[in-house]
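Colleague: This is the structure I have questions about; it appears just below.
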Amino acid sequence: SKPPTQAQLNQQFKFGLVTQFLSFLGDLIELGFKSVTGSSASPMNYAVAYHLKNAITGVAPDFTIDYPKVVFSKGKLELPNDADATSNPGAELIFNWMPGGPDDKYLDGTDMLSVLLYNPTLNRFVKVINAAPRSAGTFTLIAPATYGTHELHCYISFNSVKTKFLASNSLYLGRVPIIP
């Protein structure tokens, strides 16, 4: 019956901010957090808790998502050391990585790339699950025409084809401008 405190209101706002943002990433989170959650929590609950603790920035009432700290996958699969995202004319986004060393339990040429793009100007996402095998070393994506010359936050992760629920951490590749 008591009105909420300012701290409670702040927490409610942060919770709403995180759950609204992550609601668009359910399929990526289900794939990427399954290996770390086990039966103790759902992948989405784990992701919400992680982001509330690690990916909120600002001072009340101006809280925002800290985009470089967004994570949609956590796991033991190896990430490439030198992955990057660049853009070419025609709204092409090119993702490059070194395929890695010999195949083993945590690195395999058949591991599949997932890509996440976030456009903060339009509050829109582009997701591509199982976009390319690790052995390809590259993947090209055409950004939607409505994205114009906006800058996009770019992320990647890998998931194993051979071992169920084995995924890598997601990797933030930075902000990449679209070149029409």
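Going by the structure tokens order, chains are called A, B, ..., each with residues numbered from 1, while ligands are numbered from 1 in the order shown.
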To test your reading of the structure, identify every residue in chain A that backbone DSSP assigns to alpha helix (DSSP H), and report it as a JSON list (two decimals) with all heavy atoms, in the first residue's frame.

Modeller:
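Generated file (selection_11.json):
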[["chain", "number", "residue", "atom", "x", "y", "z"],
["A", 6, "GLN", "N", 12.08, 5.69, -4.93],
["A", 6, "GLN", "CA", 12.75, 6.07, -6.17],
["A", 6, "GLN", "C", 13.64, 4.92, -6.66],
["A", 6, "GLN", "O", 13.71, 4.65, -7.86],
["A", 6, "GLN", "CB", 13.58, 7.34, -5.98],
["A", 6, "GLN", "CG", 14.16, 7.89, -7.28],
["A", 6, "GLN", "CD", 13.09, 8.23, -8.31],
["A", 6, "GLN", "OE1", 12.10, 8.89, -8.01],
["A", 6, "GLN", "NE2", 13.26, 7.77, -9.54],
["A", 7, "ALA", "N", 14.30, 4.22, -5.75],
["A", 7, "ALA", "CA", 15.13, 3.08, -6.13],
["A", 7, "ALA", "C", 14.29, 1.99, -6.79],
["A", 7, "ALA", "O", 14.71, 1.38, -7.78],
["A", 7, "ALA", "CB", 15.86, 2.52, -4.92],
["A", 8, "GLN", "N", 13.09, 1.74, -6.27],
["A", 8, "GLN", "CA", 12.20, 0.75, -6.87],
["A", 8, "GLN", "C", 11.73, 1.20, -8.26],
["A", 8, "GLN", "O", 11.66, 0.40, -9.19],
["A", 8, "GLN", "CB", 11.01, 0.47, -5.96],
["A", 8, "GLN", "CG", 11.39, -0.28, -4.70],
["A", 8, "GLN", "CD", 10.24, -0.34, -3.70],
["A", 8, "GLN", "OE1", 9.45, 0.60, -3.58],
["A", 8, "GLN", "NE2", 10.17, -1.44, -2.95],
["A", 9, "LEU", "N", 11.40, 2.46, -8.38],
["A", 9, "LEU", "CA", 10.99, 3.00, -9.68],
["A", 9, "LEU", "C", 12.13, 2.89, -10.70],
["A", 9, "LEU", "O", 11.90, 2.54, -11.86],
["A", 9, "LEU", "CB", 10.54, 4.44, -9.54],
["A", 9, "LEU", "CG", 9.23, 4.67, -8.79],
["A", 9, "LEU", "CD1", 9.00, 6.16, -8.56],
["A", 9, "LEU", "CD2", 8.06, 4.05, -9.54],
["A", 10, "ASN", "N", 13.35, 3.19, -10.25],
["A", 10, "ASN", "CA", 14.51, 3.07, -11.14],
["A", 10, "ASN", "C", 14.69, 1.63, -11.60],
["A", 10, "ASN", "O", 14.95, 1.38, -12.78],
["A", 10, "ASN", "CB", 15.79, 3.55, -10.44],
["A", 10, "ASN", "CG", 15.81, 5.05, -10.24],
["A", 10, "ASN", "OD1", 15.02, 5.79, -10.83],
["A", 10, "ASN", "ND2", 16.71, 5.50, -9.39],
["A", 11, "GLN", "N", 14.56, 0.68, -10.68],
["A", 11, "GLN", "CA", 14.72, -0.73, -11.02],
["A", 11, "GLN", "C", 13.62, -1.19, -11.98],
["A", 11, "GLN", "O", 13.88, -1.92, -12.92],
["A", 11, "GLN", "CB", 14.73, -1.60, -9.76],
["A", 11, "GLN", "CG", 15.09, -3.04, -10.01],
["A", 11, "GLN", "CD", 16.50, -3.23, -10.55],
["A", 11, "GLN", "OE1", 17.37, -2.37, -10.41],
["A", 11, "GLN", "NE2", 16.73, -4.35, -11.20],
["A", 12, "GLN", "N", 12.41, -0.72, -11.76],
["A", 12, "GLN", "CA", 11.31, -1.07, -12.66],
["A", 12, "GLN", "C", 11.57, -0.53, -14.07],
["A", 12, "GLN", "O", 11.32, -1.21, -15.07],
["A", 12, "GLN", "CB", 9.99, -0.51, -12.12],
["A", 12, "GLN", "CG", 9.47, -1.22, -10.90],
["A", 12, "GLN", "CD", 8.26, -0.51, -10.29],
["A", 12, "GLN", "OE1", 7.78, 0.50, -10.79],
["A", 12, "GLN", "NE2", 7.80, -1.05, -9.16],
["A", 13, "PHE", "N", 12.09, 0.70, -14.14],
["A", 13, "PHE", "CA", 12.39, 1.29, -15.44],
["A", 13, "PHE", "C", 13.49, 0.50, -16.15],
["A", 13, "PHE", "O", 13.38, 0.18, -17.34],
["A", 13, "PHE", "CB", 12.81, 2.76, -15.30],
["A", 13, "PHE", "CG", 13.11, 3.40, -16.62],
["A", 13, "PHE", "CD1", 12.07, 3.86, -17.42],
["A", 13, "PHE", "CD2", 14.41, 3.53, -17.07],
["A", 13, "PHE", "CE1", 12.35, 4.43, -18.67],
["A", 13, "PHE", "CE2", 14.69, 4.09, -18.31],
["A", 13, "PHE", "CZ", 13.65, 4.55, -19.10],
["A", 14, "LYS", "N", 14.56, 0.15, -15.42],
["A", 14, "LYS", "CA", 15.65, -0.64, -15.99],
["A", 14, "LYS", "C", 15.15, -2.00, -16.49],
["A", 14, "LYS", "O", 15.51, -2.45, -17.57],
["A", 14, "LYS", "CB", 16.77, -0.85, -14.97],
["A", 14, "LYS", "CG", 17.56, 0.39, -14.63],
["A", 14, "LYS", "CD", 18.59, 0.01, -13.57],
["A", 14, "LYS", "CE", 19.25, 1.19, -12.94],
["A", 14, "LYS", "NZ", 20.23, 0.78, -11.91],
["A", 15, "PHE", "N", 14.32, -2.64, -15.68],
["A", 15, "PHE", "CA", 13.77, -3.94, -16.04],
["A", 15, "PHE", "C", 12.96, -3.83, -17.34],
["A", 15, "PHE", "O", 13.10, -4.64, -18.25],
["A", 15, "PHE", "CB", 12.91, -4.49, -14.90],
["A", 15, "PHE", "CG", 12.39, -5.87, -15.16],
["A", 15, "PHE", "CD1", 13.20, -6.98, -14.97],
["A", 15, "PHE", "CD2", 11.10, -6.07, -15.62],
["A", 15, "PHE", "CE1", 12.72, -8.27, -15.22],
["A", 15, "PHE", "CE2", 10.61, -7.34, -15.87],
["A", 15, "PHE", "CZ", 11.42, -8.44, -15.67],
["A", 16, "GLY", "N", 12.12, -2.82, -17.43],
["A", 16, "GLY", "CA", 11.33, -2.61, -18.64],
["A", 16, "GLY", "C", 12.21, -2.32, -19.85],
["A", 16, "GLY", "O", 11.94, -2.83, -20.95],
["A", 17, "LEU", "N", 13.25, -1.53, -19.66],
["A", 17, "LEU", "CA", 14.17, -1.20, -20.75],
["A", 17, "LEU", "C", 14.84, -2.47, -21.27],
["A", 17, "LEU", "O", 14.87, -2.71, -22.48],
["A", 17, "LEU", "CB", 15.22, -0.21, -20.22],
["A", 17, "LEU", "CG", 16.26, 0.31, -21.20],
["A", 17, "LEU", "CD1", 15.61, 1.19, -22.26],
["A", 17, "LEU", "CD2", 17.31, 1.10, -20.43],
["A", 18, "VAL", "N", 15.36, -3.29, -20.36],
["A", 18, "VAL", "CA", 16.05, -4.51, -20.75],
["A", 18, "VAL", "C", 15.10, -5.51, -21.39],
["A", 18, "VAL", "O", 15.40, -6.08, -22.45],
["A", 18, "VAL", "CB", 16.79, -5.13, -19.54],
["A", 18, "VAL", "CG1", 17.23, -6.56, -19.83],
["A", 18, "VAL", "CG2", 17.98, -4.28, -19.14],
["A", 19, "THR", "N", 13.96, -5.77, -20.78],
["A", 19, "THR", "CA", 13.05, -6.78, -21.33],
["A", 19, "THR", "C", 12.50, -6.35, -22.69],
["A", 19, "THR", "O", 12.33, -7.19, -23.58],
["A", 19, "THR", "CB", 11.90, -7.11, -20.36],
["A", 19, "THR", "OG1", 11.20, -5.92, -20.01],
["A", 19, "THR", "CG2", 12.42, -7.80, -19.10],
["A", 20, "GLN", "N", 12.24, -5.08, -22.88],
["A", 20, "GLN", "CA", 11.76, -4.60, -24.17],
["A", 20, "GLN", "C", 12.84, -4.80, -25.23],
["A", 20, "GLN", "O", 12.57, -5.27, -26.33],
["A", 20, "GLN", "CB", 11.34, -3.12, -24.08],
["A", 20, "GLN", "CG", 10.63, -2.58, -25.29],
["A", 20, "GLN", "CD", 11.58, -2.01, -26.34],
["A", 20, "GLN", "OE1", 12.70, -1.62, -26.06],
["A", 20, "GLN", "NE2", 11.12, -1.99, -27.57],
["A", 21, "PHE", "N", 14.08, -4.45, -24.92],
["A", 21, "PHE", "CA", 15.19, -4.59, -25.86],
["A", 21, "PHE", "C", 15.42, -6.07, -26.20],
["A", 21, "PHE", "O", 15.52, -6.44, -27.36],
["A", 21, "PHE", "CB", 16.46, -3.98, -25.26],
["A", 21, "PHE", "CG", 17.65, -4.01, -26.17],
["A", 21, "PHE", "CD1", 17.81, -3.04, -27.14],
["A", 21, "PHE", "CD2", 18.61, -5.00, -26.06],
["A", 21, "PHE", "CE1", 18.91, -3.05, -27.99],
["A", 21, "PHE", "CE2", 19.71, -5.03, -26.89],
["A", 21, "PHE", "CZ", 19.86, -4.06, -27.86],
["A", 22, "LEU", "N", 15.47, -6.92, -25.18],
["A", 22, "LEU", "CA", 15.77, -8.34, -25.40],
["A", 22, "LEU", "C", 14.61, -9.12, -26.02],
["A", 22, "LEU", "O", 14.82, -10.20, -26.57],
["A", 22, "LEU", "CB", 16.19, -9.00, -24.09],
["A", 22, "LEU", "CG", 17.50, -8.51, -23.47],
["A", 22, "LEU", "CD1", 17.79, -9.26, -22.18],
["A", 22, "LEU", "CD2", 18.67, -8.65, -24.45],
["A", 26, "GLY", "N", 14.79, -13.17, -28.72],
["A", 26, "GLY", "CA", 14.47, -14.42, -28.07],
["A", 26, "GLY", "C", 15.09, -15.64, -28.71],
["A", 26, "GLY", "O", 15.63, -16.51, -28.02],
["A", 27, "ASP", "N", 15.06, -15.74, -30.05],
["A", 27, "ASP", "CA", 15.62, -16.92, -30.71],
["A", 27, "ASP", "C", 17.13, -16.98, -30.57],
["A", 27, "ASP", "O", 17.71, -18.05, -30.34],
["A", 27, "ASP", "CB", 15.19, -16.99, -32.18],
["A", 27, "ASP", "CG", 15.34, -15.68, -32.93],
["A", 27, "ASP", "OD1", 15.70, -14.65, -32.32],
["A", 27, "ASP", "OD2", 15.08, -15.67, -34.15],
["A", 28, "LEU", "N", 17.81, -15.83, -30.66],
["A", 28, "LEU", "CA", 19.26, -15.81, -30.45],
["A", 28, "LEU", "C", 19.62, -16.16, -29.02],
["A", 28, "LEU", "O", 20.58, -16.90, -28.76],
["A", 28, "LEU", "CB", 19.83, -14.43, -30.79],
["A", 28, "LEU", "CG", 19.97, -14.09, -32.26],
["A", 28, "LEU", "CD1", 20.36, -12.62, -32.42],
["A", 28, "LEU", "CD2", 20.99, -14.98, -32.93],
["A", 29, "ILE", "N", 18.88, -15.63, -28.07],
["A", 29, "ILE", "CA", 19.14, -15.89, -26.65],
["A", 29, "ILE", "C", 18.88, -17.35, -26.31],
["A", 29, "ILE", "O", 19.66, -17.97, -25.58],
["A", 29, "ILE", "CB", 18.32, -14.92, -25.77],
["A", 29, "ILE", "CG1", 18.91, -13.52, -25.89],
["A", 29, "ILE", "CG2", 18.27, -15.38, -24.32],
["A", 29, "ILE", "CD1", 18.09, -12.41, -25.31],
["A", 30, "GLU", "N", 17.82, -17.92, -26.85],
["A", 30, "GLU", "CA", 17.52, -19.33, -26.61],
["A", 30, "GLU", "C", 18.67, -20.21, -27.10],
["A", 30, "GLU", "O", 19.08, -21.14, -26.42],
["A", 30, "GLU", "CB", 16.21, -19.71, -27.32],
["A", 30, "GLU", "CG", 15.73, -21.10, -27.02],
["A", 30, "GLU", "CD", 15.25, -21.29, -25.59],
["A", 30, "GLU", "OE1", 14.77, -20.33, -24.96],
["A", 30, "GLU", "OE2", 15.38, -22.44, -25.10],
["A", 31, "LEU", "N", 19.21, -19.90, -28.26],
["A", 31, "LEU", "CA", 20.33, -20.65, -28.82],
["A", 31, "LEU", "C", 21.62, -20.38, -28.06],
["A", 31, "LEU", "O", 22.37, -21.30, -27.74],
["A", 31, "LEU", "CB", 20.50, -20.27, -30.29],
["A", 31, "LEU", "CG", 21.62, -20.92, -31.08],
["A", 31, "LEU", "CD1", 21.38, -22.42, -31.21],
["A", 31, "LEU", "CD2", 21.72, -20.27, -32.45],
["A", 32, "GLY", "N", 21.87, -19.12, -27.73],
["A", 32, "GLY", "CA", 23.16, -18.72, -27.17],
["A", 32, "GLY", "C", 23.34, -18.90, -25.68],
["A", 32, "GLY", "O", 24.47, -19.00, -25.21],
["A", 33, "PHE", "N", 22.27, -18.89, -24.90],
["A", 33, "PHE", "CA", 22.40, -19.01, -23.45],
["A", 33, "PHE", "C", 22.03, -20.40, -22.93],
["A", 33, "PHE", "O", 22.14, -20.66, -21.74],
["A", 33, "PHE", "CB", 21.54, -17.96, -22.73],
["A", 33, "PHE", "CG", 22.17, -16.62, -22.66],
["A", 33, "PHE", "CD1", 21.83, -15.62, -23.55],
["A", 33, "PHE", "CD2", 23.11, -16.32, -21.68],
["A", 33, "PHE", "CE1", 22.40, -14.37, -23.48],
["A", 33, "PHE", "CE2", 23.70, -15.08, -21.60],
["A", 33, "PHE", "CZ", 23.35, -14.09, -22.51],
["A", 34, "LYS", "N", 21.60, -21.29, -23.80],
["A", 34, "LYS", "CA", 21.14, -22.61, -23.37],
["A", 34, "LYS", "C", 22.23, -23.39, -22.64],
["A", 34, "LYS", "O", 21.96, -24.07, -21.66],
["A", 34, "LYS", "CB", 20.64, -23.39, -24.59],
["A", 34, "LYS", "CG", 19.82, -24.59, -24.24],
["A", 34, "LYS", "CD", 18.50, -24.16, -23.68],
["A", 34, "LYS", "CE", 17.54, -25.32, -23.64],
["A", 34, "LYS", "NZ", 16.29, -24.99, -23.02],
["A", 35, "SER", "N", 23.48, -23.25, -23.07],
["A", 35, "SER", "CA", 24.56, -24.04, -22.47],
["A", 35, "SER", "C", 24.93, -23.57, -21.07],
["A", 35, "SER", "O", 25.44, -24.34, -20.27],
["A", 35, "SER", "CB", 25.80, -24.03, -23.36],
["A", 35, "SER", "OG", 26.37, -22.74, -23.42],
["A", 36, "VAL", "N", 24.68, -22.32, -20.74],
["A", 36, "VAL", "CA", 25.08, -21.81, -19.42],
["A", 36, "VAL", "C", 23.95, -21.82, -18.40],
["A", 36, "VAL", "O", 24.20, -21.69, -17.21],
["A", 36, "VAL", "CB", 25.68, -20.39, -19.49],
["A", 36, "VAL", "CG1", 26.97, -20.39, -20.27],
["A", 36, "VAL", "CG2", 24.70, -19.39, -20.07],
["A", 37, "THR", "N", 22.72, -21.99, -18.86],
["A", 37, "THR", "CA", 21.60, -21.93, -17.92],
["A", 37, "THR", "C", 21.25, -23.29, -17.35],
["A", 37, "THR", "O", 20.76, -23.36, -16.23],
["A", 37, "THR", "CB", 20.35, -21.34, -18.59],
["A", 37, "THR", "OG1", 19.98, -22.16, -19.69],
["A", 37, "THR", "CG2", 20.57, -19.92, -19.03],
["A", 43, "PRO", "N", 16.87, -19.36, -20.55],
["A", 43, "PRO", "CA", 17.86, -18.51, -21.19],
["A", 43, "PRO", "C", 17.49, -17.02, -21.14],
["A", 43, "PRO", "O", 18.34, -16.17, -20.91],
["A", 43, "PRO", "CB", 17.91, -19.04, -22.62],
["A", 43, "PRO", "CG", 17.56, -20.49, -22.48],
["A", 43, "PRO", "CD", 16.51, -20.51, -21.40],
["A", 44, "MET", "N", 16.20, -16.70, -21.33],
["A", 44, "MET", "CA", 15.80, -15.29, -21.30],
["A", 44, "MET", "C", 15.96, -14.70, -19.91],
["A", 44, "MET", "O", 16.43, -13.57, -19.77],
["A", 44, "MET", "CB", 14.36, -15.12, -21.79],
["A", 44, "MET", "CG", 13.92, -13.67, -21.87],
["A", 44, "MET", "SD", 14.92, -12.59, -22.94],
["A", 44, "MET", "CE", 14.28, -13.02, -24.54],
["A", 45, "ASN", "N", 15.59, -15.44, -18.86],
["A", 45, "ASN", "CA", 15.77, -14.94, -17.50],
["A", 45, "ASN", "C", 17.25, -14.68, -17.20],
["A", 45, "ASN", "O", 17.60, -13.69, -16.58],
["A", 45, "ASN", "CB", 15.19, -15.91, -16.47],
["A", 45, "ASN", "CG", 13.69, -15.88, -16.45],
["A", 45, "ASN", "OD1", 13.05, -15.01, -17.03],
["A", 45, "ASN", "ND2", 13.10, -16.87, -15.80],
["A", 46, "TYR", "N", 18.10, -15.60, -17.65],
["A", 46, "TYR", "CA", 19.54, -15.43, -17.47],
["A", 46, "TYR", "C", 20.01, -14.16, -18.19],
["A", 46, "TYR", "O", 20.78, -13.36, -17.64],
["A", 46, "TYR", "CB", 20.27, -16.66, -18.00],
["A", 46, "TYR", "CG", 21.75, -16.66, -17.71],
["A", 46, "TYR", "CD1", 22.26, -17.31, -16.59],
["A", 46, "TYR", "CD2", 22.65, -16.03, -18.56],
["A", 46, "TYR", "CE1", 23.62, -17.32, -16.32],
["A", 46, "TYR", "CE2", 24.01, -16.02, -18.30],
["A", 46, "TYR", "CZ", 24.48, -16.68, -17.18],
["A", 46, "TYR", "OH", 25.83, -16.67, -16.91],
["A", 47, "ALA", "N", 19.56, -13.97, -19.43],
["A", 47, "ALA", "CA", 19.96, -12.81, -20.22],
["A", 47, "ALA", "C", 19.48, -11.51, -19.58],
["A", 47, "ALA", "O", 20.21, -10.52, -19.52],
["A", 47, "ALA", "CB", 19.43, -12.93, -21.64],
["A", 48, "VAL", "N", 18.25, -11.50, -19.08],
["A", 48, "VAL", "CA", 17.72, -10.29, -18.42],
["A", 48, "VAL", "C", 18.57, -9.96, -17.19],
["A", 48, "VAL", "O", 18.97, -8.82, -16.99],
["A", 48, "VAL", "CB", 16.23, -10.46, -18.04],
["A", 48, "VAL", "CG1", 15.76, -9.35, -17.11],
["A", 48, "VAL", "CG2", 15.37, -10.49, -19.31],
["A", 49, "ALA", "N", 18.84, -10.96, -16.37],
["A", 49, "ALA", "CA", 19.65, -10.73, -15.16],
["A", 49, "ALA", "C", 21.04, -10.21, -15.53],
["A", 49, "ALA", "O", 21.55, -9.27, -14.91],
["A", 49, "ALA", "CB", 19.76, -12.02, -14.35],
["A", 50, "TYR", "N", 21.66, -10.80, -16.56],
["A", 50, "TYR", "CA", 22.98, -10.35, -17.01],
["A", 50, "TYR", "C", 22.94, -8.88, -17.42],
["A", 50, "TYR", "O", 23.78, -8.08, -17.02],
["A", 50, "TYR", "CB", 23.48, -11.21, -18.18],
["A", 50, "TYR", "CG", 24.73, -10.62, -18.79],
["A", 50, "TYR", "CD1", 25.98, -10.91, -18.28],
["A", 50, "TYR", "CD2", 24.65, -9.72, -19.86],
["A", 50, "TYR", "CE1", 27.12, -10.33, -18.80],
["A", 50, "TYR", "CE2", 25.77, -9.13, -20.39],
["A", 50, "TYR", "CZ", 27.01, -9.43, -19.87],
["A", 50, "TYR", "OH", 28.14, -8.84, -20.38],
["A", 51, "HIS", "N", 21.97, -8.51, -18.25],
["A", 51, "HIS", "CA", 21.90, -7.15, -18.78],
["A", 51, "HIS", "C", 21.54, -6.13, -17.70],
["A", 51, "HIS", "O", 22.04, -5.00, -17.73],
["A", 51, "HIS", "CB", 20.95, -7.08, -19.98],
["A", 51, "HIS", "CG", 21.54, -7.72, -21.19],
["A", 51, "HIS", "ND1", 21.45, -9.07, -21.42],
["A", 51, "HIS", "CD2", 22.28, -7.21, -22.20],
["A", 51, "HIS", "CE1", 22.10, -9.36, -22.53],
["A", 51, "HIS", "NE2", 22.61, -8.24, -23.03],
["A", 52, "LEU", "N", 20.70, -6.50, -16.76],
["A", 52, "LEU", "CA", 20.39, -5.59, -15.65],
["A", 52, "LEU", "C", 21.66, -5.26, -14.85],
["A", 52, "LEU", "O", 21.85, -4.13, -14.42],
["A", 52, "LEU", "CB", 19.34, -6.18, -14.72],
["A", 52, "LEU", "CG", 17.91, -6.12, -15.22],
["A", 52, "LEU", "CD1", 17.00, -6.95, -14.32],
["A", 52, "LEU", "CD2", 17.41, -4.69, -15.31],
["A", 53, "LYS", "N", 22.51, -6.24, -14.70],
["A", 53, "LYS", "CA", 23.73, -6.06, -13.92],
["A", 53, "LYS", "C", 24.85, -5.39, -14.71],
["A", 53, "LYS", "O", 25.62, -4.61, -14.16],
["A", 53, "LYS", "CB", 24.21, -7.42, -13.40],
["A", 53, "LYS", "CG", 25.42, -7.35, -12.52],
["A", 53, "LYS", "CD", 25.79, -8.72, -11.98],
["A", 53, "LYS", "CE", 27.00, -8.62, -11.07],
["A", 53, "LYS", "NZ", 27.40, -9.92, -10.56],
["A", 54, "ASN", "N", 24.93, -5.68, -16.02],
["A", 54, "ASN", "CA", 26.11, -5.30, -16.79],
["A", 54, "ASN", "C", 25.90, -4.34, -17.96],
["A", 54, "ASN", "O", 26.88, -3.79, -18.46],
["A", 54, "ASN", "CB", 26.78, -6.57, -17.35],
["A", 54, "ASN", "CG", 27.23, -7.49, -16.27],
["A", 54, "ASN", "OD1", 28.11, -7.17, -15.49],
["A", 54, "ASN", "ND2", 26.60, -8.66, -16.19]]

Colleague: Within 8 Å of A:Asp111, counting only C-alpha atoms, which residues qualify if same-chain residues fewer than 3 places away don't, as a VMD selection string?

Modeller: chain A and resid 107 to 108 133 to 135 158 to 162

Colleague: Any chance you can output those residues with N, CA and C atoms as a compact mmCIF listing (two decimals), in the first residue's frame?

Modeller:
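This went into again-v8.txt:
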# COMPACT_ATOMS: atom_id res chain seq x y z
N LEU A 107 36.29 -25.65 -31.38
CA LEU A 107 36.50 -24.90 -32.62
C LEU A 107 36.39 -25.90 -33.76
N ASP A 108 35.45 -25.66 -34.66
CA ASP A 108 35.25 -26.58 -35.76
C ASP A 108 34.82 -25.79 -37.00
N PRO A 133 29.20 -21.02 -42.36
CA PRO A 133 30.08 -21.85 -41.52
C PRO A 133 31.36 -21.09 -41.17
N ARG A 134 31.95 -21.45 -40.05
CA ARG A 134 33.20 -20.83 -39.61
C ARG A 134 34.26 -20.93 -40.71
N SER A 135 34.29 -22.05 -41.42
CA SER A 135 35.31 -22.27 -42.45
C SER A 135 35.24 -21.25 -43.59
N PHE A 158 29.08 -17.82 -32.64
CA PHE A 158 29.09 -19.10 -33.34
C PHE A 158 28.39 -20.14 -32.49
N ASN A 159 27.75 -21.10 -33.15
CA ASN A 159 27.18 -22.24 -32.44
C ASN A 159 27.59 -23.51 -33.16
N SER A 160 27.77 -24.55 -32.37
CA SER A 160 28.24 -25.83 -32.90
C SER A 160 27.11 -26.57 -33.60
N VAL A 161 27.43 -27.17 -34.72
CA VAL A 161 26.50 -28.04 -35.42
C VAL A 161 26.62 -29.46 -34.85
N LYS A 162 27.82 -29.80 -34.37
CA LYS A 162 28.11 -31.15 -33.92
C LYS A 162 27.70 -31.42 -32.47

Colleague: Please provide the set of residues having any atom within 6 Å of stretch 87-91 of chain A, restricted to only C-alpha atoms, with same-chain residues fewer than 2 positions apart removed, written as a list of chain:residue names.

Modeller: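 Final neighbour list, sorted by chain and number: A:Leu93, A:Ile94, A:Ile142, A:Ala143, A:Ile178, A:Ile179, A:Pro180.
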
Colleague: Export, as a compact mmCIF listing (two decimals), in the first residue's frame, the selected residues with all heavy atoms.

Modeller:
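Heads up, here's the output in result_19.txt:
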# COMPACT_ATOMS: atom_id res chain seq x y z
N LEU A 93 27.24 -5.01 -45.69
CA LEU A 93 28.03 -5.19 -44.47
C LEU A 93 28.79 -6.49 -44.63
O LEU A 93 28.19 -7.54 -44.91
CB LEU A 93 27.13 -5.24 -43.25
CG LEU A 93 26.44 -3.93 -42.91
CD1 LEU A 93 25.35 -4.16 -41.87
CD2 LEU A 93 27.45 -2.92 -42.41
N ILE A 94 30.10 -6.42 -44.45
CA ILE A 94 30.95 -7.59 -44.62
C ILE A 94 31.54 -7.97 -43.27
O ILE A 94 32.15 -7.15 -42.59
CB ILE A 94 32.09 -7.32 -45.63
CG1 ILE A 94 31.51 -6.99 -47.01
CG2 ILE A 94 33.01 -8.53 -45.75
CD1 ILE A 94 31.41 -5.57 -47.29
N ILE A 142 23.20 -7.47 -46.84
CA ILE A 142 22.71 -6.18 -47.35
C ILE A 142 21.77 -5.60 -46.30
O ILE A 142 20.79 -6.24 -45.92
CB ILE A 142 21.97 -6.33 -48.70
CG1 ILE A 142 22.83 -7.05 -49.73
CG2 ILE A 142 21.50 -4.96 -49.20
CD1 ILE A 142 24.09 -6.34 -50.12
N ALA A 143 22.07 -4.41 -45.81
CA ALA A 143 21.22 -3.75 -44.82
C ALA A 143 19.92 -3.30 -45.48
O ALA A 143 19.90 -2.98 -46.68
CB ALA A 143 21.94 -2.55 -44.21
N ILE A 178 26.41 2.64 -42.57
CA ILE A 178 25.90 2.12 -43.83
C ILE A 178 26.31 3.08 -44.94
O ILE A 178 26.20 4.31 -44.80
CB ILE A 178 24.36 2.01 -43.80
CG1 ILE A 178 23.91 1.04 -42.72
CG2 ILE A 178 23.81 1.60 -45.16
CD1 ILE A 178 24.38 -0.37 -42.93
N ILE A 179 26.80 2.53 -46.05
CA ILE A 179 27.15 3.34 -47.23
C ILE A 179 26.15 2.98 -48.31
O ILE A 179 26.20 1.87 -48.84
CB ILE A 179 28.59 3.04 -47.70
CG1 ILE A 179 29.60 3.28 -46.57
CG2 ILE A 179 28.93 3.90 -48.92
CD1 ILE A 179 31.00 2.79 -46.88
N PRO A 180 25.23 3.90 -48.62
CA PRO A 180 24.21 3.57 -49.64
C PRO A 180 24.82 3.32 -51.02
O PRO A 180 25.87 3.68 -51.33
CB PRO A 180 23.30 4.77 -49.65
CG PRO A 180 23.74 5.68 -48.58
CD PRO A 180 25.05 5.20 -48.07

Colleague: Using DSSP on the backbone, list every residue of stretch 20-139 of chain A that comes out as strand (DSSP E or B), and give them as a PyMOL selection string.

Modeller: chain A and resi 56-57+64-65+77+84-89+92-96+104+107+112-119+124-128+133+138-139

Colleague: Could you check how far atom CA of A:Arg124 sits from atom CA of A:Thr64, in Å to one decimal?

Modeller: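 A separation of 15.5 Å between them.
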
Colleague: Which is closest to A:Phe165 among A:Thr57, A:Ser40, A:Thr5, A:Ser73, if we use only C-alpha atoms?

Modeller: A:Ser73

Colleague: List the neighbours of A:Ser168 out to 6 Å using only C-alpha atoms; skip same-chain residues closer than 6 positions along the sequence, and give me the result as a list in words.

Modeller: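 Using only C-alpha atoms, the neighbours found are Lys74, Gly75, Lys76, Leu77, Glu78, Ser157 and Phe158 of chain A.
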
Colleague: Could the residues in this selection be written to a file with N, CA, C and O atoms, as an mmCIF file, in the first residue's frame?

Modeller:
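Result file is again38.cif:
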data_model
loop_
_atom_site.group_PDB
_atom_site.id
_atom_site.type_symbol
_atom_site.label_atom_id
_atom_site.label_comp_id
_atom_site.auth_asym_id
_atom_site.auth_seq_id
_atom_site.Cartn_x
_atom_site.Cartn_y
_atom_site.Cartn_z
ATOM 1 N N LYS A 74 26.525 -16.902 -24.574
ATOM 2 C CA LYS A 74 27.653 -17.178 -23.689
ATOM 3 C C LYS A 74 27.955 -18.664 -23.774
ATOM 4 O O LYS A 74 27.054 -19.478 -23.696
ATOM 5 N N GLY A 75 29.221 -18.981 -23.922
ATOM 6 C CA GLY A 75 29.581 -20.386 -23.999
ATOM 7 C C GLY A 75 31.061 -20.593 -24.182
ATOM 8 O O GLY A 75 31.847 -19.648 -24.186
ATOM 9 N N LYS A 76 31.447 -21.842 -24.370
ATOM 10 C CA LYS A 76 32.847 -22.238 -24.417
ATOM 11 C C LYS A 76 33.429 -22.324 -25.825
ATOM 12 O O LYS A 76 34.632 -22.461 -25.978
ATOM 13 N N LEU A 77 32.585 -22.262 -26.835
ATOM 14 C CA LEU A 77 33.083 -22.333 -28.199
ATOM 15 C C LEU A 77 34.009 -21.145 -28.445
ATOM 16 O O LEU A 77 33.725 -20.026 -27.994
ATOM 17 N N GLU A 78 35.108 -21.378 -29.134
ATOM 18 C CA GLU A 78 36.086 -20.316 -29.359
ATOM 19 C C GLU A 78 35.579 -19.292 -30.370
ATOM 20 O O GLU A 78 34.937 -19.639 -31.354
ATOM 21 N N SER A 157 28.293 -14.352 -33.215
ATOM 22 C CA SER A 157 28.575 -15.488 -32.335
ATOM 23 C C SER A 157 28.630 -16.725 -33.220
ATOM 24 O O SER A 157 28.265 -16.678 -34.404
ATOM 25 N N PHE A 158 29.084 -17.822 -32.642
ATOM 26 C CA PHE A 158 29.091 -19.102 -33.341
ATOM 27 C C PHE A 158 28.386 -20.136 -32.489
ATOM 28 O O PHE A 158 28.405 -20.062 -31.261
#
